[in-house]
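A.B. asks: As input, take run_8.pdb (PDB, C-alpha atoms and all ligand atoms):
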ATOM      1  CA  MET A  29      -0.110  30.775  -8.085
ATOM      2  CA  GLN A  30       2.046  30.687  -4.923
ATOM      3  CA  SER A  31       5.442  29.102  -5.540
ATOM      4  CA  ILE A  32       6.459  26.067  -3.527
ATOM      5  CA  LYS A  33       9.045  26.707  -0.821
ATOM      6  CA  ASN A  34       9.000  23.362   1.013
ATOM      7  CA  ILE A  35       8.208  19.738   0.392
ATOM      8  CA  LYS A  36       6.652  17.975   3.374
ATOM      9  CA  THR A  37       6.440  14.207   3.427
ATOM     10  CA  VAL A  38       3.653  12.909   5.651
ATOM     11  CA  PHE A  39       3.368   9.167   6.048
ATOM     12  CA  PHE A  40       2.255   6.155   8.081
ATOM     13  CA  SER A  41       4.644   3.288   7.413
ATOM     14  CA  PRO A  42       5.000   0.395   9.886
ATOM     15  CA  THR A  43       7.254  -1.740   7.656
ATOM     16  CA  GLY A  44       8.944   1.072   5.717
ATOM     17  CA  ASN A  45       7.584   0.683   2.165
ATOM     18  CA  THR A  46       5.435   3.796   2.203
ATOM     19  CA  LYS A  47       8.241   5.873   3.723
ATOM     20  CA  ARG A  48      10.594   4.736   0.969
ATOM     21  CA  VAL A  49       8.170   5.514  -1.861
ATOM     22  CA  VAL A  50       7.178   8.924  -0.496
ATOM     23  CA  GLU A  51      10.856   9.804  -0.006
ATOM     24  CA  LEU A  52      11.732   8.763  -3.571
ATOM     25  CA  ILE A  53       9.070  11.105  -4.959
ATOM     26  CA  ALA A  54      10.090  13.881  -2.559
ATOM     27  CA  GLY A  55      13.802  13.550  -3.338
ATOM     28  CA  ARG A  56      13.271  13.878  -7.075
ATOM     29  CA  LEU A  57      10.907  16.845  -6.744
ATOM     30  CA  ALA A  58      13.131  18.593  -4.206
ATOM     31  CA  GLN A  59      16.007  18.428  -6.681
ATOM     32  CA  LYS A  60      13.876  19.833  -9.491
ATOM     33  CA  LEU A  61      12.273  22.561  -7.389
ATOM     34  CA  SER A  62      15.445  23.325  -5.346
ATOM     35  CA  VAL A  63      13.528  23.262  -2.075
ATOM     36  CA  PRO A  64      14.155  21.424   1.221
ATOM     37  CA  VAL A  65      12.252  18.335   2.388
ATOM     38  CA  GLU A  66      10.837  17.967   5.885
ATOM     39  CA  SER A  67       9.321  14.750   7.103
ATOM     40  CA  ASP A  68       6.273  14.139   9.296
ATOM     41  CA  ASP A  69       6.234  10.428  10.131
ATOM     42  CA  PHE A  70       2.951   9.704  11.921
ATOM     43  CA  THR A  71       3.477   5.963  12.350
ATOM     44  CA  LEU A  72       4.017   5.979  16.118
ATOM     45  CA  PRO A  73       1.600   6.961  18.913
ATOM     46  CA  ALA A  74       3.672  10.026  19.908
ATOM     47  CA  ALA A  75       2.698  11.545  16.535
ATOM     48  CA  HIS A  76      -1.036  10.934  16.986
ATOM     49  CA  ALA A  77      -1.828  13.815  19.351
ATOM     50  CA  ASP A  78      -1.142  17.175  17.714
ATOM     51  CA  THR A  79      -2.823  18.611  14.655
ATOM     52  CA  ARG A  80      -0.679  20.301  12.029
ATOM     53  CA  THR A  81      -1.505  22.798   9.310
ATOM     54  CA  TYR A  82       0.313  23.016   5.984
ATOM     55  CA  SER A  83       0.534  26.279   4.062
ATOM     56  CA  SER A  84       0.015  27.168   0.418
ATOM     57  CA  GLU A  85       3.815  27.302   0.057
ATOM     58  CA  ASP A  86       4.127  23.615   0.964
ATOM     59  CA  LEU A  87       3.861  20.648  -1.343
ATOM     60  CA  VAL A  88       2.673  17.723   0.791
ATOM     61  CA  ILE A  89       3.418  14.173  -0.288
ATOM     62  CA  PHE A  90       1.009  12.101   1.786
ATOM     63  CA  GLY A  91       1.443   8.324   1.952
ATOM     64  CA  VAL A  92      -0.395   5.425   3.572
ATOM     65  CA  PRO A  93      -0.365   1.678   2.924
ATOM     66  CA  THR A  94      -3.409  -0.157   1.564
ATOM     67  CA  TYR A  95      -5.057  -2.501   4.083
ATOM     68  CA  ALA A  96      -8.055  -4.513   2.865
ATOM     69  CA  GLY A  97      -8.307  -2.288  -0.180
ATOM     70  CA  ARG A  98      -8.655   0.939   1.782
ATOM     71  CA  ILE A  99      -6.815   3.334   4.090
ATOM     72  CA  PRO A 100      -6.176   1.162   7.213
ATOM     73  CA  ASN A 101      -9.361   1.681   9.241
ATOM     74  CA  LYS A 102      -7.515   2.514  12.489
ATOM     75  CA  VAL A 103      -5.366   5.040  10.611
ATOM     76  CA  LEU A 104      -8.287   6.785   8.925
ATOM     77  CA  PRO A 105      -9.142   8.904  12.021
ATOM     78  CA  PHE A 106      -5.544  10.221  12.061
ATOM     79  CA  VAL A 107      -5.778  11.154   8.377
ATOM     80  CA  GLN A 108      -9.121  12.825   9.024
ATOM     81  CA  THR A 109      -8.235  14.817  12.131
ATOM     82  CA  LEU A 110      -4.485  15.542  12.331
ATOM     83  CA  PHE A 111      -3.655  17.209   9.026
ATOM     84  CA  LYS A 112      -5.133  20.427   7.668
ATOM     85  CA  GLY A 113      -4.292  22.255   4.470
ATOM     86  CA  GLU A 114      -4.768  25.840   3.315
ATOM     87  CA  GLN A 115      -5.509  24.845  -0.249
ATOM     88  CA  THR A 116      -2.122  23.161   0.079
ATOM     89  CA  ARG A 117      -1.050  21.253  -2.992
ATOM     90  CA  ALA A 118      -0.666  17.558  -2.252
ATOM     91  CA  ILE A 119       0.282  14.283  -3.886
ATOM     92  CA  ALA A 120      -1.739  11.317  -2.594
ATOM     93  CA  VAL A 121       0.315   8.114  -2.426
ATOM     94  CA  VAL A 122      -0.681   4.606  -1.425
ATOM     95  CA  THR A 123       1.445   1.498  -1.439
ATOM     96  CA  PHE A 124       0.049  -1.994  -1.851
ATOM     97  CA  GLY A 125       1.379  -5.516  -1.620
ATOM     98  CA  ASN A 126       0.916  -6.877  -5.159
ATOM     99  CA  ARG A 127      -2.780  -7.784  -4.793
ATOM    100  CA  SER A 128      -4.693  -4.534  -5.467
ATOM    101  CA  PHE A 129      -5.040  -1.046  -4.064
ATOM    102  CA  ASP A 130      -8.791  -1.204  -4.731
ATOM    103  CA  ASN A 131     -10.190   2.102  -3.437
ATOM    104  CA  SER A 132      -7.437   3.204  -1.037
ATOM    105  CA  LEU A 133      -6.107   5.885  -3.389
ATOM    106  CA  SER A 134      -9.534   7.259  -4.180
ATOM    107  CA  GLU A 135     -10.320   7.317  -0.450
ATOM    108  CA  LEU A 136      -7.072   9.130   0.385
ATOM    109  CA  HIS A 137      -7.731  11.660  -2.382
ATOM    110  CA  MET A 138     -11.185  12.317  -0.948
ATOM    111  CA  GLU A 139     -10.013  12.643   2.659
ATOM    112  CA  LEU A 140      -7.223  15.059   1.743
ATOM    113  CA  GLU A 141      -9.600  17.235  -0.281
ATOM    114  CA  LYS A 142     -11.987  17.318   2.712
ATOM    115  CA  ASN A 143      -9.138  18.710   4.830
ATOM    116  CA  ASN A 144      -8.467  21.529   2.390
ATOM    117  CA  PHE A 145      -5.628  19.998   0.421
ATOM    118  CA  SER A 146      -5.651  20.403  -3.339
ATOM    119  CA  VAL A 147      -4.635  16.991  -4.666
ATOM    120  CA  ILE A 148      -2.761  17.602  -7.921
ATOM    121  CA  ALA A 149      -1.423  14.077  -8.460
ATOM    122  CA  ALA A 150      -1.740  10.569  -7.084
ATOM    123  CA  GLY A 151       0.092   7.279  -7.223
ATOM    124  CA  ALA A 152      -0.443   3.676  -6.124
ATOM    125  CA  VAL A 153       2.878   1.868  -5.902
ATOM    126  CA  VAL A 154       3.450  -1.883  -5.731
ATOM    127  CA  CYS A 155       5.644  -2.974  -2.827
ATOM    128  CA  ARG A 156       6.562  -6.134  -1.030
ATOM    129  CA  HIS A 157       3.532  -7.406   0.887
ATOM    130  CA  ALA A 158       3.964  -6.861   4.629
ATOM    131  CA  PHE A 159       3.010 -10.443   5.540
ATOM    132  CA  ALA A 160       2.875 -12.552   2.372
ATOM    133  CA  GLU A 161       5.773 -13.596   0.163
ATOM    134  CA  VAL A 162       4.546 -11.629  -2.841
ATOM    135  CA  GLY A 163       5.852  -8.443  -4.417
ATOM    136  CA  ILE A 164       9.319  -9.350  -3.153
ATOM    137  CA  GLY A 165      11.954  -6.868  -4.306
ATOM    138  CA  ARG A 166       9.362  -4.221  -5.264
ATOM    139  CA  PRO A 167       9.808  -1.381  -5.832
ATOM    140  CA  ASP A 168      12.635  -2.583  -8.119
ATOM    141  CA  ALA A 169      14.869  -0.556 -10.458
ATOM    142  CA  ALA A 170      12.135  -0.337 -13.118
ATOM    143  CA  ASP A 171       9.620   0.818 -10.482
ATOM    144  CA  GLU A 172      12.070   3.470  -9.328
ATOM    145  CA  GLU A 173      12.247   4.769 -12.913
ATOM    146  CA  HIS A 174       8.444   4.954 -13.066
ATOM    147  CA  ILE A 175       8.402   6.811  -9.753
ATOM    148  CA  ALA A 176      11.005   9.308 -11.045
ATOM    149  CA  ALA A 177       9.020   9.799 -14.275
ATOM    150  CA  PHE A 178       5.900  10.447 -12.191
ATOM    151  CA  ALA A 179       7.766  13.066 -10.125
ATOM    152  CA  ASP A 180       8.926  14.709 -13.367
ATOM    153  CA  THR A 181       5.329  14.849 -14.640
ATOM    154  CA  VAL A 182       4.243  16.457 -11.370
ATOM    155  CA  PHE A 183       7.056  19.000 -11.731
ATOM    156  CA  GLU A 184       5.842  19.886 -15.252
ATOM    157  CA  LYS A 185       2.289  20.185 -13.994
ATOM    158  CA  LEU A 186       3.408  22.556 -11.240
ATOM    159  CA  GLN A 187       5.066  24.788 -13.859
ATOM    160  CA  GLN A 188       1.819  24.865 -15.836
ATOM    161  CA  SER A 189      -1.717  24.694 -14.473
ATOM    162  CA  GLY A 190      -1.218  22.870 -11.159
ATOM    163  CA  GLN A 191      -4.882  21.931 -11.562
ATOM    164  CA  PRO A 192      -6.393  19.560  -8.989
ATOM    165  CA  LEU A 193      -6.948  15.970 -10.052
ATOM    166  CA  SER A 194     -10.450  14.627 -10.487
ATOM    167  CA  ASN A 195     -11.331  11.780  -8.135
ATOM    168  CA  THR A 196     -13.147   9.896 -10.886
ATOM    169  CA  SER A 197      -9.871   9.361 -12.748
ATOM    170  CA  ILE A 198      -8.431   7.326  -9.874
ATOM    171  CA  LYS A 199     -11.504   5.445  -8.684
ATOM    172  CA  ARG A 200     -10.931   1.745  -9.163
ATOM    173  CA  ASN A 201     -14.316   0.310  -8.554
ATOM    174  CA  GLU A 202     -17.498   2.337  -8.207
ATOM    175  CA  ALA A 203     -19.275  -0.533  -6.467
ATOM    176  CA  LEU A 204     -16.624  -1.156  -3.845
ATOM    177  CA  THR A 205     -17.621   0.717  -0.744
ATOM    178  CA  ALA A 206     -16.868  -1.964   1.844
ATOM    179  CA  TYR A 207     -13.419  -3.245   2.805
ATOM    180  CA  TYR A 208     -11.914  -6.116   0.848
ATOM    181  CA  VAL A 209     -12.787  -9.377   2.613
ATOM    182  CA  PRO A 210      -9.711 -11.601   3.084
ATOM    183  CA  LEU A 211     -10.083 -15.113   1.685
ATOM    184  CA  GLY A 212      -8.492 -18.450   2.471
ATOM    185  CA  THR A 213      -7.061 -20.880  -0.112
ATOM    186  CA  ASP A 214     -10.534 -22.415  -0.519
ATOM    187  CA  GLY A 215     -11.851 -19.005  -1.629
ATOM    188  CA  LYS A 216     -13.994 -18.626   1.486
ATOM    189  CA  PRO A 217     -13.829 -15.485   3.677
ATOM    190  CA  VAL A 218     -11.601 -15.641   6.747
ATOM    191  CA  ASN A 219     -11.851 -13.330   9.738
ATOM    192  CA  PHE A 220      -8.627 -12.813  11.663
ATOM    193  CA  LEU A 221      -9.451  -9.440  13.208
ATOM    194  CA  LYS A 222      -8.651 -10.736  16.702
ATOM    195  CA  ALA A 223      -5.275 -12.281  15.739
ATOM    196  CA  LYS A 224      -2.237 -10.982  17.648
ATOM    197  CA  PRO A 225       1.482 -11.716  17.365
ATOM    198  CA  VAL A 226       2.884 -14.487  19.547
ATOM    199  CA  THR A 227       6.356 -14.487  21.094
ATOM    200  CA  ASP A 228       8.833 -17.348  21.111
ATOM    201  CA  LYS A 229      10.184 -16.877  24.626
ATOM    202  CA  ALA A 230      13.290 -18.949  23.854
ATOM    203  CA  GLN A 231      14.257 -16.374  21.194
ATOM    204  CA  CYS A 232      12.999 -13.177  22.835
ATOM    205  CA  ASP A 233      15.513 -11.175  24.905
ATOM    206  CA  ASN A 234      12.843  -8.636  25.909
ATOM    207  CA  CYS A 235      14.776  -5.801  24.227
ATOM    208  CA  GLY A 236      11.533  -3.862  23.818
ATOM    209  CA  VAL A 237      11.935  -2.949  20.123
ATOM    210  CA  CYS A 238       8.563  -4.522  19.278
ATOM    211  CA  ALA A 239       6.781  -2.381  21.870
ATOM    212  CA  ALA A 240       8.609   0.728  20.659
ATOM    213  CA  VAL A 241       7.646   0.228  16.980
ATOM    214  CA  CYS A 242       3.995  -0.741  17.509
ATOM    215  CA  PRO A 243       1.894   2.044  15.916
ATOM    216  CA  MET A 244      -0.980   1.329  18.272
ATOM    217  CA  GLY A 245       1.225   1.186  21.409
ATOM    218  CA  SER A 246      -0.406  -2.171  22.064
ATOM    219  CA  ILE A 247       2.539  -4.270  23.306
ATOM    220  CA  ASP A 248       3.334  -4.362  27.037
ATOM    221  CA  LYS A 249       6.765  -2.760  27.551
ATOM    222  CA  ASN A 250       7.536  -4.858  30.637
ATOM    223  CA  ASP A 251       6.481  -8.187  29.205
ATOM    224  CA  VAL A 252       6.491  -7.977  25.411
ATOM    225  CA  SER A 253       4.720 -11.310  25.062
ATOM    226  CA  LEU A 254       1.557  -9.523  26.223
ATOM    227  CA  VAL A 255      -0.499  -7.540  23.695
ATOM    228  CA  PRO A 256      -3.284  -5.916  25.699
ATOM    229  CA  GLY A 257      -4.137  -3.343  23.007
ATOM    230  CA  ILE A 258      -5.531  -3.788  19.503
ATOM    231  CA  CYS A 259      -3.411  -5.279  16.733
ATOM    232  CA  ILE A 260      -3.759  -3.961  13.169
ATOM    233  CA  LYS A 261      -1.568  -6.804  11.778
ATOM    234  CA  CYS A 262       0.891  -4.206  10.378
ATOM    235  CA  GLN A 263       3.894  -6.533  11.012
ATOM    236  CA  ALA A 264       6.125  -3.809  12.489
ATOM    237  CA  CYS A 265       6.918  -5.987  15.529
ATOM    238  CA  ILE A 266       7.763  -8.963  13.288
ATOM    239  CA  VAL A 267       9.943  -7.041  10.833
ATOM    240  CA  HIS A 268      11.889  -5.106  13.477
ATOM    241  CA  CYS A 269      12.521  -8.012  15.882
ATOM    242  CA  ARG A 270      16.251  -8.732  15.864
ATOM    243  CA  THR A 271      15.884 -12.305  17.129
ATOM    244  CA  LYS A 272      12.881 -13.312  14.972
ATOM    245  CA  ALA A 273      10.912 -14.077  18.117
ATOM    246  CA  LYS A 274       7.561 -12.742  16.847
ATOM    247  CA  SER A 275       5.104 -14.433  14.517
ATOM    248  CA  PHE A 276       1.430 -14.933  13.791
ATOM    249  CA  ASP A 277       0.086 -18.442  14.338
ATOM    250  CA  ASP A 278      -3.608 -17.665  13.831
ATOM    251  CA  PRO A 279      -4.806 -20.323  11.324
ATOM    252  CA  LEU A 280      -7.156 -17.941   9.488
ATOM    253  CA  PHE A 281      -4.454 -15.300   9.131
ATOM    254  CA  LEU A 282      -2.100 -18.012   7.796
ATOM    255  CA  ALA A 283      -4.818 -19.220   5.397
ATOM    256  CA  HIS A 284      -5.082 -15.719   3.925
ATOM    257  CA  LYS A 285      -1.298 -15.441   3.644
ATOM    258  CA  ALA A 286      -1.259 -18.794   1.799
ATOM    259  CA  MET A 287      -4.070 -17.626  -0.520
ATOM    260  CA  LEU A 288      -2.095 -14.491  -1.456
ATOM    261  CA  GLU A 289       1.023 -16.580  -2.098
ATOM    262  CA  GLN A 290      -1.008 -18.951  -4.265
ATOM    263  CA  ASN A 291      -2.964 -16.402  -6.309
ATOM    264  CA  TYR A 292      -1.008 -13.132  -6.386
ATOM    265  CA  THR A 293       2.438 -14.036  -7.661
ATOM    266  CA  ARG A 294       2.000 -12.144 -10.968
ATOM    267  CA  PRO A 295       3.764  -8.775 -10.867
ATOM    268  CA  ALA A 296       1.120  -6.082 -10.367
ATOM    269  CA  ALA A 297       1.615  -2.649 -11.920
ATOM    270  CA  SER A 298       1.880   0.663 -10.123
ATOM    271  CA  GLU A 299      -0.477   3.365 -11.363
ATOM    272  CA  PHE A 300       0.134   7.095 -11.524
ATOM    273  CA  PHE A 301      -2.275   9.965 -12.120
ATOM    274  CA  ALA A 302      -1.346  13.614 -12.749
TER     275      ALA A 302
HETATM  276  C1  LIG B   1      -3.250  -5.751   7.487
HETATM  277  C2  LIG B   1      -2.740  -5.605   6.088
HETATM  278  C3  LIG B   1      -3.635  -5.574   5.020
HETATM  279  C4  LIG B   1      -3.166  -5.443   3.711
HETATM  280  N1  LIG B   1      -4.061  -5.386   2.674
HETATM  281  C5  LIG B   1      -3.605  -5.271   1.394
HETATM  282  C6  LIG B   1      -4.522  -5.200   0.281
HETATM  283  O1  LIG B   1      -5.740  -5.159   0.433
HETATM  284  N2  LIG B   1      -4.005  -5.189  -0.984
HETATM  285  C7  LIG B   1      -2.654  -5.244  -1.211
HETATM  286  O2  LIG B   1      -2.247  -5.301  -2.371
HETATM  287  N3  LIG B   1      -1.760  -5.216  -0.166
HETATM  288  C8  LIG B   1      -2.211  -5.238   1.113
HETATM  289  N4  LIG B   1      -1.320  -5.214   2.162
HETATM  290  C9  LIG B   1       0.109  -5.005   1.888
HETATM  291  C10 LIG B   1       0.533  -3.560   2.192
HETATM  292  O3  LIG B   1      -0.335  -2.637   1.560
HETATM  293  C11 LIG B   1       1.964  -3.285   1.729
HETATM  294  O4  LIG B   1       2.831  -4.265   2.176
HETATM  295  C12 LIG B   1       2.407  -1.880   2.157
HETATM  296  O5  LIG B   1       3.420  -1.449   1.294
HETATM  297  C13 LIG B   1       2.907  -1.830   3.592
HETATM  298  O6  LIG B   1       3.311  -0.511   3.873
HETATM  299  P1  LIG B   1       4.443  -0.145   4.950
HETATM  300  O7  LIG B   1       5.686  -0.936   4.578
HETATM  301  O8  LIG B   1       4.655   1.330   4.754
HETATM  302  O9  LIG B   1       3.948  -0.520   6.285
HETATM  303  C14 LIG B   1      -1.771  -5.351   3.470
HETATM  304  C15 LIG B   1      -0.890  -5.385   4.549
HETATM  305  C16 LIG B   1      -1.352  -5.495   5.839
HETATM  306  C17 LIG B   1      -0.366  -5.490   6.969
END
Just give me the structure of the file as structure tokens.
C.D. replies:
Amino acid sequence: MQSIKNIKTVFFSPTGNTKRVVELIAGRLAQKLSVPVESDDFTLPAAHADTRTYSSEDLVIFGVPTYAGRIPNKVLPFVQTLFKGEQTRAIAVVTFGNRSFDNSLSELHMELEKNNFSVIAAGAVVCRHAFAEVGIGRPDAADEEHIAAFADTVFEKLQQSGQPLSNTSIKRNEALTAYYVPLGTDGKPVNFLKAKPVTDKAQCDNCGVCAAVCPMGSIDKNDVSLVPGICIKCQACIVHCRTKAKSFDDPLFLAHKAMLEQNYTRPAASEFFA
């Protein structure tokens, strides 16, 4: 089997959790394999145009967040069309915000295999939720140890068989084919697909950071209170705003946030497969 000469991290990460997790795995493996790490951050629109091919000498660590139990639906076309392997070994990584990763990891595994990656390992890692006050402080020191142990297992596997991972071992729920339906505190479904961030004009100094970090390029650069494009609720504009001028006031979005904060305070566990 071809030896690995490079580690390539490939990730979509509007609020930074996925980047951090993928880089932790990459850092540990790079040390063990004595190879360099290159990063391909496809969060922003500028990275959504060109296709790239990875070789059999690369080890790709591919990370996306879980949205509604799946790969974010607006990100799926990027995963499907931008990245090609040549039987390139890959580690599929999803992060999730302390509720559940449902079928996002299984879906990512499947999509990578379709694009000629050979998925040898996979991990779903608990992180702070992007918009609800749950999973705060995750990944913590204990999580970091689990992540390092996972990287060590992958290293051992690479020295031995390097066999691809079966999808059935990581499937969470055979029946779940649809997206998770967000609920309010009364347990009833809420639909906040049309919600967009609002801007407190007294706080906003129009610095433009929100427009620059929006993965969909949806915020007007000249007047950042306008959001003519689609919003995937990723929270990049909220998290990166220096003056805390951005928020969501959509009542159904807030009802879902409250439901998560009511029902998902227990610490969820990360899961690793190799
Ligand atoms: C729109 C949206 C939907 C989400 N859906 C889920 C979910 O179904 N389950 C879950 O546990 N976390 C969910 N999360 C939390 C994210 O998966 C988590 O915060 C992730 O680590 C964010 O990644 P990033 O920091 O790389 O952007 C959701 C977050 C957003 C913004």
A.B. asks: For each of A:Ala54, A:Val154, A:Val241, A:Leu61, take the minimum atom-to-atom distance to ligand LIG 1 (chain B), counting all atoms listed in the file, then give the residue where this is smallest.
C.D. replies: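 Result for the nearest residue to ligand LIG 1 (chain B): A:Val154.
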A.B. asks: Throw together the list of residues within 6 Å of ligand LIG 1 (chain B), counting only C-alpha atoms and all ligand atoms, and drop it here as a PyMOL selection string.
C.D. replies: chain A and resi 41-47+93-97+123-129+155-158+260-263
A.B. asks: Which is closer to A:Leu133 than all the others in A:Ala75, A:Ala264, A:Ala152, A:Val147, using only C-alpha atoms?
C.D. replies: A:Ala152
A.B. asks: Just say which residues the PyMOL selection byres (((chain A and resi 243) around 12) and not hetatm) picks in this file, as an mmCIF file with C-alpha atoms, in the coordinates of the input.
C.D. replies:
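Heads up, here's the output in part.cif:
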data_model
loop_
_atom_site.group_PDB
_atom_site.id
_atom_site.type_symbol
_atom_site.label_atom_id
_atom_site.label_comp_id
_atom_site.auth_asym_id
_atom_site.auth_seq_id
_atom_site.Cartn_x
_atom_site.Cartn_y
_atom_site.Cartn_z
ATOM 1 C CA PHE A 40 2.255 6.155 8.081
ATOM 2 C CA SER A 41 4.644 3.288 7.413
ATOM 3 C CA PRO A 42 5.000 0.395 9.886
ATOM 4 C CA THR A 43 7.254 -1.740 7.656
ATOM 5 C CA ASP A 69 6.234 10.428 10.131
ATOM 6 C CA PHE A 70 2.951 9.704 11.921
ATOM 7 C CA THR A 71 3.477 5.963 12.350
ATOM 8 C CA LEU A 72 4.017 5.979 16.118
ATOM 9 C CA PRO A 73 1.600 6.961 18.913
ATOM 10 C CA ALA A 74 3.672 10.026 19.908
ATOM 11 C CA ALA A 75 2.698 11.545 16.535
ATOM 12 C CA HIS A 76 -1.036 10.934 16.986
ATOM 13 C CA PRO A 100 -6.176 1.162 7.213
ATOM 14 C CA LYS A 102 -7.515 2.514 12.489
ATOM 15 C CA VAL A 103 -5.366 5.040 10.611
ATOM 16 C CA PHE A 106 -5.544 10.221 12.061
ATOM 17 C CA VAL A 237 11.935 -2.949 20.123
ATOM 18 C CA CYS A 238 8.563 -4.522 19.278
ATOM 19 C CA ALA A 239 6.781 -2.381 21.870
ATOM 20 C CA ALA A 240 8.609 0.728 20.659
ATOM 21 C CA VAL A 241 7.646 0.228 16.980
ATOM 22 C CA CYS A 242 3.995 -0.741 17.509
ATOM 23 C CA MET A 244 -0.980 1.329 18.272
ATOM 24 C CA GLY A 245 1.225 1.186 21.409
ATOM 25 C CA SER A 246 -0.406 -2.171 22.064
ATOM 26 C CA ILE A 247 2.539 -4.270 23.306
ATOM 27 C CA GLY A 257 -4.137 -3.343 23.007
ATOM 28 C CA ILE A 258 -5.531 -3.788 19.503
ATOM 29 C CA CYS A 259 -3.411 -5.279 16.733
ATOM 30 C CA ILE A 260 -3.759 -3.961 13.169
ATOM 31 C CA LYS A 261 -1.568 -6.804 11.778
ATOM 32 C CA CYS A 262 0.891 -4.206 10.378
ATOM 33 C CA GLN A 263 3.894 -6.533 11.012
ATOM 34 C CA ALA A 264 6.125 -3.809 12.489
ATOM 35 C CA CYS A 265 6.918 -5.987 15.529
#
A.B. asks: Could you state the separation of atom CA of A:Gly163 and atom CA of A:Glu289 in Å, given to one decimal place?
C.D. replies: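 Pair atom CA of A:Gly163 / atom CA of A:Glu289 returns 9.7 Å.
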A.B. asks: Given the file shown, determine the residues that the PyMOL selection byres (((chain A and resi 115) around 7) and not hetatm) selects; report them as a compact mmCIF listing (two decimals) with C-alpha atoms, in the coordinates of the input.
C.D. replies:
# COMPACT_ATOMS: atom_id res chain seq x y z
CA SER A 84 0.02 27.17 0.42
CA GLY A 113 -4.29 22.26 4.47
CA GLU A 114 -4.77 25.84 3.32
CA THR A 116 -2.12 23.16 0.08
CA ARG A 117 -1.05 21.25 -2.99
CA ASN A 144 -8.47 21.53 2.39
CA PHE A 145 -5.63 20.00 0.42
CA SER A 146 -5.65 20.40 -3.34
A.B. asks: Can you list, as a PDB file with C-alpha atoms, keeping the file's coordinate frame, the residues that the PyMOL selection byres (((chain A and resi 214-227) around 9) and not hetatm) selects here?
C.D. replies:
ATOM      1  CA  VAL A 209     -12.787  -9.377   2.613  1.00  0.00           C
ATOM      2  CA  PRO A 210      -9.711 -11.601   3.084  1.00  0.00           C
ATOM      3  CA  LEU A 211     -10.083 -15.113   1.685  1.00  0.00           C
ATOM      4  CA  GLY A 212      -8.492 -18.450   2.471  1.00  0.00           C
ATOM      5  CA  THR A 213      -7.061 -20.880  -0.112  1.00  0.00           C
ATOM      6  CA  ASP A 228       8.833 -17.348  21.111  1.00  0.00           C
ATOM      7  CA  LYS A 229      10.184 -16.877  24.626  1.00  0.00           C
ATOM      8  CA  ALA A 230      13.290 -18.949  23.854  1.00  0.00           C
ATOM      9  CA  GLN A 231      14.257 -16.374  21.194  1.00  0.00           C
ATOM     10  CA  CYS A 232      12.999 -13.177  22.835  1.00  0.00           C
ATOM     11  CA  VAL A 252       6.491  -7.977  25.411  1.00  0.00           C
ATOM     12  CA  SER A 253       4.720 -11.310  25.062  1.00  0.00           C
ATOM     13  CA  LEU A 254       1.557  -9.523  26.223  1.00  0.00           C
ATOM     14  CA  VAL A 255      -0.499  -7.540  23.695  1.00  0.00           C
ATOM     15  CA  ILE A 258      -5.531  -3.788  19.503  1.00  0.00           C
ATOM     16  CA  CYS A 259      -3.411  -5.279  16.733  1.00  0.00           C
ATOM     17  CA  ILE A 260      -3.759  -3.961  13.169  1.00  0.00           C
ATOM     18  CA  LYS A 261      -1.568  -6.804  11.778  1.00  0.00           C
ATOM     19  CA  GLN A 263       3.894  -6.533  11.012  1.00  0.00           C
ATOM     20  CA  CYS A 265       6.918  -5.987  15.529  1.00  0.00           C
ATOM     21  CA  ILE A 266       7.763  -8.963  13.288  1.00  0.00           C
ATOM     22  CA  ALA A 273      10.912 -14.077  18.117  1.00  0.00           C
ATOM     23  CA  LYS A 274       7.561 -12.742  16.847  1.00  0.00           C
ATOM     24  CA  SER A 275       5.104 -14.433  14.517  1.00  0.00           C
ATOM     25  CA  PHE A 276       1.430 -14.933  13.791  1.00  0.00           C
ATOM     26  CA  ASP A 277       0.086 -18.442  14.338  1.00  0.00           C
ATOM     27  CA  ASP A 278      -3.608 -17.665  13.831  1.00  0.00           C
ATOM     28  CA  PRO A 279      -4.806 -20.323  11.324  1.00  0.00           C
ATOM     29  CA  LEU A 280      -7.156 -17.941   9.488  1.00  0.00           C
ATOM     30  CA  PHE A 281      -4.454 -15.300   9.131  1.00  0.00           C
ATOM     31  CA  ALA A 283      -4.818 -19.220   5.397  1.00  0.00           C
ATOM     32  CA  HIS A 284      -5.082 -15.719   3.925  1.00  0.00           C
ATOM     33  CA  MET A 287      -4.070 -17.626  -0.520  1.00  0.00           C
TER      34      MET A 287
END
A.B. asks: Neighbouring residues of A:Gln188 were defined as those with any atom within 12 Å, considering all atoms listed in the file; residues of the same chain fewer than 6 positions away were excluded. Please report them as a CSV table (one decimal) with C-alpha atoms, keeping the file's coordinate frame.
C.D. replies:
chain,number,residue,atom,x,y,z
A,29,MET,CA,-0.1,30.8,-8.1
A,31,SER,CA,5.4,29.1,-5.5
A,148,ILE,CA,-2.8,17.6,-7.9
A,181,THR,CA,5.3,14.8,-14.6
A,182,VAL,CA,4.2,16.5,-11.4
A.B. asks: For each of A:Ile32, A:Asn131, A:Ala77, A:Phe39, take the minimum atom-to-atom distance to A:Val63, counting only C-alpha atoms, then give the residue where this is smallest.
C.D. replies: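 Smallest distance to A:Val63 is found for A:Ile32.
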A.B. asks: Could you tell me, as a VMD selection string, which residues have any atom at most 10 Å from (5.3, 12.0, -12.3), counting only C-alpha atoms?
C.D. replies: chain A and resid 53 56 to 57 149 to 151 174 to 185 300 to 302
A.B. asks: Calculate how many Å separate atom CA of A:Asn34 from atom CA of A:Leu110, rounding to one decimal.
C.D. replies: 19.3 Å
A.B. asks: Work out how far apart atom CA of A:Arg270 and atom CA of A:Asp168 are and give it in Å to one decimal.
C.D. replies: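 Straight-line distance from atom CA of A:Arg270 to atom CA of A:Asp168 works out to 25.0 Å.
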